[in-house]
>>> print(open('input_20.cif').read())   # mmCIF, C-alpha atoms and all ligand atoms
data_input
loop_
_atom_site.label_atom_id
_atom_site.label_comp_id
_atom_site.auth_asym_id
_atom_site.auth_seq_id
_atom_site.Cartn_x
_atom_site.Cartn_y
_atom_site.Cartn_z
CA MET A 996 65.35 163.87 56.86
CA ASP A 997 66.40 160.24 57.51
CA ARG A 998 63.38 158.27 58.53
CA VAL A 999 63.44 156.27 61.73
CA GLU A 1000 63.89 152.53 61.22
CA LEU A 1001 61.10 150.20 62.33
CA LEU A 1002 62.80 147.08 63.68
CA ALA A 1003 60.79 143.89 64.22
CA PRO A 1004 61.58 140.60 65.95
CA ALA A 1005 61.56 137.29 64.09
CA GLY A 1006 61.76 133.85 65.67
CA SER A 1007 61.64 132.02 62.35
CA LEU A 1008 62.12 132.48 58.64
CA GLU A 1009 58.35 132.64 58.30
CA SER A 1010 58.00 135.52 60.77
CA LEU A 1011 60.95 137.36 59.19
CA LYS A 1012 59.08 137.35 55.89
CA TRP A 1013 55.78 138.44 57.48
CA ALA A 1014 57.50 141.26 59.40
CA ILE A 1015 59.03 142.62 56.21
CA LEU A 1016 55.85 142.16 54.23
CA TYR A 1017 53.90 144.16 56.83
CA GLY A 1018 56.31 147.08 56.90
CA ALA A 1019 59.43 146.44 59.00
CA ASP A 1020 62.60 148.17 57.74
CA ALA A 1021 64.79 145.67 59.55
CA VAL A 1022 64.43 142.45 61.50
CA TYR A 1023 66.48 141.01 64.36
CA VAL A 1024 66.92 137.29 64.74
CA GLY A 1025 68.81 134.74 66.80
CA GLY A 1026 71.39 132.64 65.00
CA PRO A 1027 72.36 129.09 65.97
CA SER A 1028 74.78 130.19 68.72
CA PHE A 1029 75.65 132.94 71.20
CA GLY A 1030 72.18 134.55 71.30
CA LEU A 1031 69.64 134.95 74.06
CA ARG A 1032 66.20 133.37 73.75
CA ALA A 1033 67.21 129.75 74.11
CA ASN A 1034 63.54 128.87 73.71
CA ALA A 1035 62.89 130.94 70.59
CA LEU A 1036 63.06 129.21 67.26
CA ASN A 1037 66.57 130.33 66.40
CA PHE A 1038 67.75 130.34 62.79
CA SER A 1039 70.19 127.83 61.34
CA LEU A 1040 72.96 129.35 59.21
CA GLU A 1041 71.13 128.23 56.05
CA GLU A 1042 67.92 129.90 57.23
CA LEU A 1043 69.87 133.03 58.13
CA GLU A 1044 71.32 133.17 54.64
CA GLU A 1045 67.90 132.72 53.06
CA GLY A 1046 66.32 135.33 55.37
CA ILE A 1047 69.08 137.85 54.72
CA GLN A 1048 68.82 137.36 50.95
CA PHE A 1049 65.04 137.81 51.16
CA ALA A 1050 65.47 141.02 53.18
CA HIS A 1051 68.23 142.44 50.96
CA GLN A 1052 66.16 141.88 47.83
CA LYS A 1053 63.58 144.16 49.43
CA ASN A 1054 66.20 146.63 50.59
CA LYS A 1055 65.69 145.68 54.26
CA LYS A 1056 68.21 144.65 56.91
CA VAL A 1057 68.78 141.72 59.25
CA TYR A 1058 70.61 141.98 62.58
CA VAL A 1059 71.74 138.86 64.41
CA THR A 1060 71.89 138.62 68.21
CA VAL A 1061 75.23 137.52 69.67
CA ASN A 1062 74.39 138.76 73.13
CA ILE A 1063 74.95 136.03 75.69
CA VAL A 1064 77.17 136.59 78.68
CA MET A 1065 80.00 134.34 77.52
CA HIS A 1066 81.77 131.68 79.58
CA GLU A 1067 85.44 130.93 78.89
CA LYS A 1068 84.79 127.65 77.08
CA GLU A 1069 82.58 129.38 74.52
CA THR A 1070 85.28 131.77 73.37
CA LYS A 1071 86.84 129.05 71.21
CA GLU A 1072 83.84 128.84 68.89
CA LEU A 1073 83.45 132.59 68.54
CA GLU A 1074 85.75 133.31 65.61
CA THR A 1075 84.26 130.60 63.38
CA TYR A 1076 80.75 131.75 64.22
CA LEU A 1077 81.39 135.44 63.58
CA LYS A 1078 83.10 134.64 60.27
CA ALA A 1079 80.04 132.62 59.27
CA LEU A 1080 77.79 135.60 60.07
CA GLU A 1081 80.04 137.79 57.96
CA GLN A 1082 79.76 135.31 55.13
CA VAL A 1083 75.95 135.23 55.15
CA LYS A 1084 76.08 139.06 55.07
CA ALA A 1085 74.39 139.91 58.37
CA ASP A 1086 73.91 143.69 58.43
CA ALA A 1087 75.02 143.90 62.05
CA ILE A 1088 75.41 141.79 65.15
CA ILE A 1089 73.78 142.73 68.45
CA VAL A 1090 76.37 142.28 71.19
CA SER A 1091 76.60 142.74 74.91
CA ASP A 1092 79.74 141.15 76.34
CA PRO A 1093 82.75 143.51 75.89
CA ALA A 1094 84.81 140.42 75.00
CA ILE A 1095 82.64 139.83 71.93
CA ILE A 1096 82.75 143.53 71.02
CA ALA A 1097 86.55 143.60 71.20
CA PHE A 1098 86.91 140.30 69.38
CA ALA A 1099 84.48 141.17 66.57
CA LYS A 1100 86.13 144.55 66.11
CA LYS A 1101 89.55 142.99 65.77
CA HIS A 1102 88.71 139.96 63.62
CA THR A 1103 85.69 140.93 61.50
CA SER A 1104 84.19 143.86 59.69
CA LEU A 1105 80.75 143.22 61.18
CA GLU A 1106 78.80 146.27 62.27
CA LEU A 1107 78.26 146.24 66.04
CA HIS A 1108 75.04 147.19 67.81
CA VAL A 1109 75.32 147.12 71.59
CA SER A 1110 72.45 145.17 73.10
CA THR A 1111 69.99 146.45 75.68
CA GLN A 1112 71.60 143.84 77.96
CA GLN A 1113 74.34 146.44 78.53
CA SER A 1114 71.67 148.66 80.17
CA THR A 1115 73.09 151.91 78.77
CA LEU A 1116 71.44 154.92 80.41
CA ASN A 1117 74.04 157.69 80.25
CA TYR A 1118 76.33 159.39 77.75
CA LEU A 1119 79.60 158.42 79.45
CA GLY A 1120 78.67 154.79 78.89
CA ALA A 1121 77.52 155.52 75.36
CA SER A 1122 80.73 157.38 74.62
CA PHE A 1123 82.81 154.44 75.90
CA LEU A 1124 80.85 151.99 73.73
CA LYS A 1125 81.36 154.19 70.67
CA LYS A 1126 85.12 154.32 71.37
CA ILE A 1127 85.40 150.56 71.48
CA GLY A 1128 83.64 150.16 68.15
CA ALA A 1129 79.86 150.29 68.51
CA SER A 1130 77.97 151.92 65.66
CA ARG A 1131 74.62 151.74 67.44
CA ILE A 1132 73.45 151.44 71.05
CA VAL A 1133 70.19 149.84 72.05
CA LEU A 1134 69.34 151.78 75.20
CA ALA A 1135 68.00 150.14 78.32
CA ARG A 1136 64.21 149.97 78.36
CA GLU A 1137 64.47 152.04 81.54
CA ALA A 1138 65.77 155.15 79.69
CA THR A 1139 63.72 158.31 80.19
CA LYS A 1140 63.33 160.88 77.42
CA GLU A 1141 65.86 163.09 79.28
CA ASP A 1142 68.37 160.22 79.27
CA ILE A 1143 67.82 159.66 75.54
CA SER A 1144 68.11 163.33 74.74
CA ASP A 1145 71.29 163.80 76.85
CA ILE A 1146 72.98 160.80 75.29
CA MET A 1147 72.13 162.00 71.79
CA LYS A 1148 73.37 165.52 72.54
CA HIS A 1149 76.78 164.29 73.72
CA VAL A 1150 77.48 161.21 71.60
CA PRO A 1151 76.97 161.12 67.84
CA ILE A 1152 75.92 157.52 67.46
CA GLU A 1153 72.80 155.69 66.28
CA ILE A 1154 70.36 155.15 69.13
CA GLU A 1155 67.79 152.38 69.17
CA THR A 1156 64.97 152.24 71.71
CA PHE A 1157 62.18 149.81 72.46
CA ILE A 1158 58.68 150.94 71.54
CA HIS A 1159 56.54 147.90 72.20
CA GLY A 1160 56.39 144.61 74.06
CA ALA A 1161 57.17 142.97 77.35
CA MET A 1162 59.33 144.54 80.06
CA CYS A 1163 61.61 142.88 82.58
CA ALA A 1164 61.16 143.66 86.28
CA SER A 1165 64.94 143.81 86.51
CA PHE A 1166 67.25 145.68 84.12
CA SER A 1167 66.78 143.55 80.98
CA GLY A 1168 67.77 140.17 82.26
CA ARG A 1169 70.16 141.31 85.00
CA CYS A 1170 68.42 138.95 87.33
CA VAL A 1171 69.11 135.49 88.66
CA LEU A 1172 65.66 134.66 90.02
CA SER A 1173 65.12 132.29 87.16
CA ASN A 1174 68.42 130.50 87.86
CA TYR A 1175 67.52 130.05 91.53
CA PHE A 1176 63.94 128.92 91.07
CA THR A 1177 64.12 126.87 87.88
CA GLU A 1178 67.82 126.50 87.03
CA ARG A 1179 67.16 128.40 83.81
CA ASP A 1180 69.55 131.25 83.05
CA SER A 1181 68.03 134.61 82.01
CA ASN A 1182 71.33 135.65 80.56
CA ARG A 1183 71.36 132.67 78.28
CA GLY A 1184 67.80 133.11 77.06
CA GLY A 1185 66.18 130.75 79.53
CA CYS A 1186 64.23 133.19 81.71
CA SER A 1187 61.18 131.48 83.15
CA GLN A 1188 59.63 134.84 84.08
CA ILE A 1189 59.54 134.22 87.80
CA CYS A 1190 58.53 137.84 88.35
CA ARG A 1191 55.13 136.94 86.86
CA TRP A 1192 54.51 134.15 89.33
CA ASP A 1193 52.12 134.59 92.24
CA PHE A 1194 53.83 134.60 95.64
CA ASP A 1195 52.25 134.13 99.06
CA LEU A 1196 52.83 136.94 101.52
CA LEU A 1197 54.50 135.77 104.76
CA GLU A 1198 54.91 137.35 108.16
CA ASP A 1199 57.40 135.72 110.54
CA GLY A 1200 57.48 132.76 108.17
CA GLU A 1201 53.69 132.28 108.29
CA LYS A 1202 51.43 132.84 105.29
CA ILE A 1203 49.18 135.85 105.84
CA GLU A 1204 45.70 134.48 105.30
CA GLY A 1205 43.19 136.52 103.36
CA LYS A 1206 45.86 138.40 101.37
CA LYS A 1207 45.90 138.14 97.60
CA PRO A 1208 49.08 136.57 96.20
CA PHE A 1209 51.81 139.05 95.34
CA THR A 1210 53.49 139.41 91.94
CA PHE A 1211 56.05 141.92 90.73
CA CYS A 1212 55.20 141.54 87.07
CA THR A 1213 55.52 144.73 85.02
CA LYS A 1214 52.88 145.82 82.59
CA ASP A 1215 53.93 145.89 78.93
CA LEU A 1216 55.44 148.79 77.01
CA SER A 1217 53.45 150.62 74.33
CA MET A 1218 54.77 153.87 72.85
CA ILE A 1219 52.25 154.37 70.04
CA GLU A 1220 51.10 157.71 71.50
CA LYS A 1221 54.70 158.91 71.92
CA ILE A 1222 55.89 158.19 68.38
CA PRO A 1223 55.94 161.86 67.21
CA GLU A 1224 57.90 162.88 70.33
CA MET A 1225 60.32 160.00 69.87
CA ILE A 1226 60.92 160.79 66.20
CA GLU A 1227 61.58 164.41 67.13
CA LEU A 1228 64.21 163.29 69.64
CA GLY A 1229 66.16 161.93 66.64
CA ILE A 1230 66.19 158.24 67.58
CA SER A 1231 67.46 156.08 64.70
CA SER A 1232 65.57 152.86 65.27
CA PHE A 1233 62.34 151.79 67.01
CA LYS A 1234 62.44 148.23 68.25
CA ILE A 1235 59.51 145.90 68.85
CA GLU A 1236 60.09 143.16 71.44
CA GLY A 1237 59.01 139.55 71.02
CA ARG A 1238 60.94 136.95 69.03
CA MET A 1239 58.60 134.26 70.30
CA ARG A 1240 55.41 136.01 69.21
CA SER A 1241 53.06 134.71 66.50
CA ILE A 1242 53.10 135.93 62.90
CA TYR A 1243 49.68 137.52 63.52
CA TYR A 1244 51.04 139.50 66.47
CA ILE A 1245 54.12 140.61 64.51
CA ALA A 1246 52.11 141.63 61.42
CA THR A 1247 49.55 143.53 63.51
CA VAL A 1248 52.08 145.42 65.65
CA VAL A 1249 54.43 146.23 62.76
CA SER A 1250 51.57 147.43 60.59
CA ALA A 1251 50.13 149.67 63.36
CA TYR A 1252 53.47 151.40 64.01
CA ARG A 1253 54.20 151.59 60.25
CA LYS A 1254 50.98 153.52 59.71
CA VAL A 1255 51.69 156.00 62.51
CA ILE A 1256 55.33 156.55 61.49
CA ASP A 1257 54.48 157.04 57.81
CA ALA A 1258 51.60 159.38 58.64
CA TYR A 1259 53.97 161.45 60.80
CA TYR A 1260 56.48 161.96 57.98
CA GLU A 1261 53.71 162.59 55.46
CA LYS A 1262 52.24 165.26 57.80
CA ARG A 1263 48.85 163.54 58.05
CA LEU A 1264 49.14 162.09 61.55
CA THR A 1265 46.08 162.80 63.67
CA LYS A 1266 45.10 161.92 67.23
CA GLU A 1267 42.29 159.84 65.74
CA LEU A 1268 44.73 157.72 63.72
CA ILE A 1269 46.88 157.13 66.82
CA GLN A 1270 43.81 156.10 68.84
CA GLN A 1271 42.62 153.83 66.05
CA GLU A 1272 46.00 152.03 65.90
CA LYS A 1273 46.15 151.89 69.70
CA LYS A 1274 42.88 149.96 69.62
CA VAL A 1275 44.35 147.59 67.05
CA LEU A 1276 47.36 147.02 69.32
CA ASP A 1277 45.09 146.41 72.32
CA ARG A 1278 43.44 143.60 70.41
CA VAL A 1279 46.67 141.57 70.21
CA ALA A 1280 47.78 142.41 73.75
CA ASN A 1281 47.24 140.02 76.59
CA ARG A 1282 48.36 142.41 79.32
CA GLU A 1283 47.89 146.11 80.05
CA SER A 1284 50.53 148.50 78.74
CA THR A 1285 52.02 151.89 79.66
CA VAL A 1286 54.86 154.13 78.45
CA GLN A 1287 56.90 152.83 81.39
CA PHE A 1288 59.99 155.02 82.06
CA PHE A 1289 59.78 157.43 79.11
CA ASP A 1290 58.12 160.33 80.96
CA GLY A 1291 60.56 160.08 83.83
CA TYR A 1292 58.38 158.65 86.52
CA TYR A 1293 57.84 154.97 86.99
CA GLY A 1294 54.79 154.74 89.17
CA LYS A 1295 52.74 151.96 90.65
CA ASP A 1296 50.53 152.03 87.56
CA CYS A 1297 53.36 150.50 85.51
CA GLN A 1298 53.36 147.33 87.58
CA TYR A 1299 51.03 144.58 88.72
CA TYR A 1300 51.14 143.75 92.43
CA ASN A 1301 48.13 141.64 93.37
CA GLY A 1302 47.29 139.35 90.52
CA ARG A 1303 46.75 140.40 86.97
CA PHE A 1304 44.43 139.99 84.08
CA GLU A 1305 45.77 138.08 81.08
CA LEU A 1306 43.70 137.34 78.03
CA SER A 1307 44.30 134.51 75.66
CA ASN A 1308 43.77 135.99 72.24
CA GLN A 1309 41.45 134.29 69.75
CA ASP A 1310 41.23 137.27 67.42
CA PHE A 1311 43.24 135.70 64.61
CA LEU A 1312 40.96 133.56 62.45
CA GLY A 1313 42.93 132.75 59.31
CA ILE A 1314 45.26 133.68 56.46
CA VAL A 1315 44.20 134.26 52.87
CA LEU A 1316 46.13 131.86 50.63
CA GLU A 1317 44.59 133.01 47.34
CA TYR A 1318 41.60 134.81 45.89
CA ASP A 1319 39.67 133.63 42.84
CA GLU A 1320 38.20 136.78 41.30
CA LYS A 1321 36.07 134.92 38.76
CA LYS A 1322 34.33 132.78 41.37
CA ASN A 1323 34.44 135.35 44.22
CA LEU A 1324 36.06 132.81 46.51
CA ALA A 1325 38.89 133.29 49.01
CA LYS A 1326 40.97 130.30 50.07
CA ILE A 1327 41.62 130.53 53.82
CA GLU A 1328 43.92 128.62 56.16
CA GLN A 1329 42.12 128.48 59.55
CA ARG A 1330 43.88 129.60 62.77
CA ASN A 1331 40.89 129.92 65.13
CA TYR A 1332 37.26 128.76 65.11
CA PHE A 1333 34.79 130.65 62.91
CA LYS A 1334 31.39 129.93 61.39
CA VAL A 1335 28.70 131.05 58.98
CA GLY A 1336 27.11 134.27 60.24
CA ASP A 1337 30.31 135.65 61.85
CA LEU A 1338 31.37 139.22 61.16
CA VAL A 1339 35.04 139.26 60.23
CA GLU A 1340 37.66 141.76 59.08
CA PHE A 1341 40.45 141.30 56.56
CA PHE A 1342 43.59 143.41 56.74
CA GLY A 1343 46.78 143.38 54.75
CA PRO A 1344 50.04 145.20 54.21
CA ASN A 1345 48.31 147.67 51.88
CA ASP A 1346 46.58 149.66 54.61
CA PHE A 1347 43.00 148.54 54.25
CA VAL A 1348 40.43 146.82 56.43
CA ASN A 1349 37.48 145.05 54.80
CA ILE A 1350 34.50 143.81 56.76
CA LEU A 1351 32.51 140.75 55.78
CA LYS A 1352 29.60 138.78 57.16
CA ILE A 1353 30.36 135.15 56.31
CA GLU A 1354 27.47 133.71 54.30
CA HIS A 1355 28.97 130.61 52.68
CA ILE A 1356 31.92 128.39 53.53
CA TYR A 1357 33.02 125.37 51.49
CA ASP A 1358 35.56 122.64 52.15
CA GLU A 1359 38.26 121.72 49.63
CA GLU A 1360 35.83 119.43 47.78
CA GLY A 1361 33.25 122.21 47.51
CA LYS A 1362 30.87 120.85 50.19
CA PRO A 1363 29.14 123.56 52.29
CA LEU A 1364 30.32 123.92 55.89
CA GLU A 1365 28.71 125.65 58.86
CA ILE A 1366 31.78 125.87 61.10
CA VAL A 1367 35.55 125.76 60.64
CA ASN A 1368 37.08 124.27 63.75
CA HIS A 1369 40.12 122.23 62.71
CA PRO A 1370 43.57 123.83 63.12
CA ARG A 1371 44.97 124.95 59.74
CA GLN A 1372 41.89 123.62 57.95
CA ILE A 1373 41.73 124.85 54.33
CA VAL A 1374 38.35 126.26 53.30
CA TRP A 1375 36.84 128.61 50.72
CA ILE A 1376 34.73 131.63 51.72
CA GLU A 1377 32.44 133.39 49.29
CA THR A 1378 33.09 137.13 49.05
CA ASP A 1379 33.08 139.76 46.33
CA ILE A 1380 35.67 141.80 48.23
CA THR A 1381 38.96 141.47 46.36
CA LEU A 1382 41.35 139.87 48.83
CA HIS A 1383 45.04 139.16 48.45
CA LYS A 1384 47.43 136.37 49.35
CA ASN A 1385 48.81 136.98 52.87
CA ASP A 1386 45.89 139.11 54.09
CA PHE A 1387 44.89 138.23 57.66
CA MET A 1388 41.34 137.46 58.77
CA ARG A 1389 40.37 138.49 62.31
CA LYS A 1390 37.20 138.91 64.32
CA LYS A 1391 35.26 142.06 63.68
CA GLU A 1392 35.74 144.23 66.76
CA ILE A 1393 32.01 144.72 67.54
CA ASP A 1394 31.37 141.02 67.06
CA LYS A 1395 34.24 140.26 69.41
CA ILE A 1396 32.88 142.53 72.13
CA MET A 1397 29.33 141.13 71.82
CA ASN A 1398 30.55 137.56 72.04
CA SER A 1399 32.92 138.09 74.95
S1 LIG V 1401 62.45 136.66 86.00
FE1 LIG V 1401 61.45 138.60 85.46
S2 LIG V 1401 62.85 140.13 86.28
FE2 LIG V 1401 64.03 138.24 86.13
S3 LIG V 1401 65.00 138.29 84.09
FE3 LIG V 1401 63.08 137.19 83.90
S4 LIG V 1401 61.60 138.78 83.21
FE4 LIG V 1401 63.37 139.82 84.10
#
>>> encode(input="input_20.cif", output="C-alpha cells")
Amino acid sequence: MDRVELLAPAGSLESLKWAILYGADAVYVGGPSFGLRANALNFSLEELEEGIQFAHQKNKKVYVTVNIVMHEKETKELETYLKALEQVKADAIIVSDPAIIAFAKKHTSLELHVSTQQSTLNYLGASFLKKIGASRIVLAREATKEDISDIMKHVPIEIETFIHGAMCASFSGRCVLSNYFTERDSNRGGCSQICRWDFDLLEDGEKIEGKKPFTFCTKDLSMIEKIPEMIELGISSFKIEGRMRSIYYIATVVSAYRKVIDAYYEKRLTKELIQQEKKVLDRVANRESTVQFFDGYYGKDCQYYNGRFELSNQDFLGIVLEYDEKKNLAKIEQRNYFKVGDLVEFFGPNDFVNILKIEHIYDEEGKPLEIVNHPRQIVWIETDITLHKNDFMRKKEIDKIMNS
C-alpha cells in the first residue's frame, strides 16, 4: 500500500530543513516570483536549489507555489521563471491560473499540482483539470468527505487535502475584503485577514450599544482524529497550512501527524495516542480548531462570531545545539524565558519526550545563572539525559498549567 504523503509548509530554508528532519515527506515553498504569501519569507533561486538538494538527498520532495492570479504584464516573465524552476529540479509546481497550467504544460516538463485556490469540489472540475495536464489536485478546504470520495471514485488522479492550520472565511482567498480595507490583495499573498477584525454592529447606521463586536473569523482546522478515515479514503497527500509559522510550530505539528500516520500503517494506532498528539497540537495552537467541512455540516461551532480567545504561545524555550556526554551538559539556544527550578520537556525527531527539572544553568564562560531571559542566549544546562542536536526544549505541560 502506498503511504500517504505528509506535506509541510516552509517559509525559509531553515524551516524546510526542520520540517524534513521532523518527518515531512515533502515540503512546499514560495519561490521568488508568482507565488502567494507576499509576506512570507520566500526563497531565492539559490535557496530553492539548496533546499531541493537537501530534500532529494533525504529522498523527500519540494513543491514550489506558482499560484498567483496573473495580470497580463506578468506573463512575459513566466517562461524564464518556469525554466529556472525546472533547472533547480523542483518536484512540482503548485498552480492555479489556467494560463500558467497551459503554459507550463506546453513549455516545460514540470509536474503540475492544482492549487486549493482553484476551489475544486467536484469530479467534473477534477476531470477537466486532469485533462489539461494536472497530476494532482489540492482540493478546496471546504470539501466534505463525500466530495473527496466522489472525486476519487470518478477521476484517477492524486488528491491532496489540508489537515491542519488556518481557514479562510471565503473560499481560499476568493475575497476582496483585504483589497478594499487595506489595499492588500489576497490573491497576491497580501491578505490582511480582515475577517478576523472586530466590527461594530449597526442599525440604521447607528452603532448598537451594549453589543459585543462582531467577527466572522473561522476557527482553525485540525484533522488529527480523522487521520485513519482520511487514509482509508485513499487521499495521496496531507497538507499542513502555514508558511509563516515558526520552526517550533512546524516541527511540533509535523511530528504529531507523523506519529499518528506511522502508527496507523504499523497497526498500533490507539485512541490514546491520537488524544496524546491532539494535546501536543493544542499546545502550539493559538485558536480553537474543528474538523470544519469534513463531516458535511459546517455549523456555528466552526466559527467565531463575538470576539475570540487567542493565546500567544510561550511554550518553546530553546533548541539543543549539542550535548557533551562526558560533562553531562547540553548547550541550548534560548527562545523564551526559563530559569532554575523549571520543569521542562525535550522532544526530538526520534519519538521521545524527556522531562527535566532544571538544577544548574551556566553561561558560555561557565558562570552559574538563575534565569535565561535574553533572546537566543547560549547557555549550558546540566542533565544526565542524553540529548541530541536539534531537540526542542518546551515547558512541561503540568508546569505550564500551574503557572498560567
Ligand atoms: S480576509 Fe479573511 S476571508 Fe478574506 S481572504 Fe483573507 S482570510 Fe480569507
>>> axis_aligned_box(input="input_20.cif", around="region 1260-1264 of chain A", padding_each_side="4 Å", output="AutoDock Vina command-line options")
--center_x 52.7 --center_y 163.6 --center_z 58.5 --size_x 15.6 --size_y 11.3 --size_z 14.1
>>> closest_residue(input="input_20.cif", among="A:Arg1282, A:Arg1179, A:His1159, A:Lys1053", to="ligand LIG 1401 (chain V)", atoms="all atoms listed in the file")
A:Arg1179
>>> closest_atom_pairs(input="input_20.cif", of="chain A", to="ligand LIG 1401 (chain V)", cutoff="7 Å", atoms="all atoms listed in the file", output="CSV")
residue,atom,partner,partner_atom,distance
A:Met1162,CA,V:LIG1401,S4,6.9
A:Cys1163,CA,V:LIG1401,FE4,3.8
A:Ala1164,CA,V:LIG1401,S2,3.9
A:Ser1165,CA,V:LIG1401,S2,4.2
A:Ser1167,CA,V:LIG1401,FE4,5.9
A:Gly1168,CA,V:LIG1401,S3,3.8
A:Arg1169,CA,V:LIG1401,S3,6.0
A:Cys1170,CA,V:LIG1401,FE2,4.6
A:Val1171,CA,V:LIG1401,FE2,6.3
A:Leu1172,CA,V:LIG1401,S1,5.5
A:Ser1173,CA,V:LIG1401,S1,5.3
A:Ser1181,CA,V:LIG1401,S3,5.2
A:Cys1186,CA,V:LIG1401,FE3,4.7
A:Ser1187,CA,V:LIG1401,S1,6.0
A:Gln1188,CA,V:LIG1401,S1,3.9
A:Ile1189,CA,V:LIG1401,S1,4.2
A:Cys1190,CA,V:LIG1401,FE1,4.2
A:Arg1191,CA,V:LIG1401,FE1,6.7
>>> atom_distance(input="input_20.cif", atom1="CA of Ile1047 (chain A)", atom2="CA of Ala1019 (chain A)")
13.6 Å
>>> closest_residue(input="input_20.cif", among="A:Glu1204, A:Asp1215, A:Glu1178, A:Glu1198", to="Ser1284 (chain A)", atoms="all atoms listed in the file")
A:Asp1215
>>> closest_atom_pairs(input="input_20.cif", of="region 1274-1362 of chain A", to="region 1383-1386 of chain A", cutoff="6 Å", atoms="all atoms listed in the file", output="tab-separated table")
residue	atom	partner	partner_atom	distance
A:Ile1314	CA	A:Asp1386	CA	6.0
A:Val1315	CA	A:Lys1384	CA	5.2
A:Leu1316	CA	A:Lys1384	CA	4.9
A:Glu1317	CA	A:Lys1384	CA	4.8
A:Phe1342	CA	A:Asp1386	CA	5.5
A:Gly1343	CA	A:Asp1386	CA	4.4
>>> atom_distance(input="input_20.cif", atom1="CA of Gln1271 (chain A)", atom2="CA of Pro1223 (chain A)")
15.6 Å
>>> closest_residue(input="input_20.cif", among="A:Ile1095, A:Asn1182, A:Ala1050, A:Val1286", to="Glu1067 (chain A)", atoms="all atoms listed in the file")
A:Ile1095
>>> atom_distance(input="input_20.cif", atom1="CA of Leu1276 (chain A)", atom2="CA of Val1249 (chain A)")
9.7 Å
>>> decode(input="input_20.cif", residues="region 1149-1200 of chain A", atoms="C-alpha atoms", output="CSV table (one decimal), in the first residue's frame")
chain,number,residue,atom,x,y,z
A,1149,HIS,CA,-14.6,9.2,-10.8
A,1150,VAL,CA,-11.2,10.7,-11.5
A,1151,PRO,CA,-7.9,8.7,-11.1
A,1152,ILE,CA,-5.7,11.5,-10.0
A,1153,GLU,CA,-3.6,12.3,-6.9
A,1154,ILE,CA,-5.7,14.1,-4.3
A,1155,GLU,CA,-4.2,16.4,-1.7
A,1156,THR,CA,-6.2,17.8,1.2
A,1157,PHE,CA,-5.5,20.1,4.1
A,1158,ILE,CA,-5.3,18.5,7.5
A,1159,HIS,CA,-4.2,21.3,9.8
A,1160,GLY,CA,-4.0,25.1,10.1
A,1161,ALA,CA,-5.8,28.3,9.5
A,1162,MET,CA,-9.0,28.5,7.4
A,1163,CYS,CA,-10.3,31.4,5.2
A,1164,ALA,CA,-13.8,32.7,5.8
A,1165,SER,CA,-14.1,32.8,2.0
A,1166,PHE,CA,-13.2,30.1,-0.4
A,1167,SER,CA,-9.4,30.1,0.0
A,1168,GLY,CA,-8.6,33.7,-0.9
A,1169,ARG,CA,-11.6,34.3,-3.2
A,1170,CYS,CA,-12.3,37.5,-1.3
A,1171,VAL,CA,-11.5,41.2,-1.9
A,1172,LEU,CA,-12.2,42.5,1.6
A,1173,SER,CA,-8.5,42.9,2.1
A,1174,ASN,CA,-8.1,44.9,-1.1
A,1175,TYR,CA,-11.0,47.2,0.0
A,1176,PHE,CA,-9.9,47.8,3.5
A,1177,THR,CA,-6.1,47.8,3.3
A,1178,GLU,CA,-5.3,47.8,-0.4
A,1179,ARG,CA,-3.6,44.4,0.1
A,1180,ASP,CA,-4.5,41.7,-2.4
A,1181,SER,CA,-5.4,38.3,-1.0
A,1182,ASN,CA,-4.8,36.8,-4.4
A,1183,ARG,CA,-1.3,38.0,-4.4
A,1184,GLY,CA,-0.5,36.9,-0.9
A,1185,GLY,CA,-1.2,40.1,0.9
A,1186,CYS,CA,-4.4,39.2,2.8
A,1187,SER,CA,-4.6,41.2,6.0
A,1188,GLN,CA,-7.2,38.9,7.5
A,1189,ILE,CA,-10.0,41.4,7.7
A,1190,CYS,CA,-12.4,38.6,8.6
A,1191,ARG,CA,-10.6,38.4,12.0
A,1192,TRP,CA,-11.1,42.0,12.8
A,1193,ASP,CA,-13.8,43.1,15.3
A,1194,PHE,CA,-16.7,45.0,13.7
A,1195,ASP,CA,-19.3,47.2,15.4
A,1196,LEU,CA,-22.9,46.2,14.8
A,1197,LEU,CA,-25.0,49.0,13.3
A,1198,GLU,CA,-28.7,49.5,13.0
A,1199,ASP,CA,-29.9,52.3,10.6
A,1200,GLY,CA,-26.3,53.5,10.5
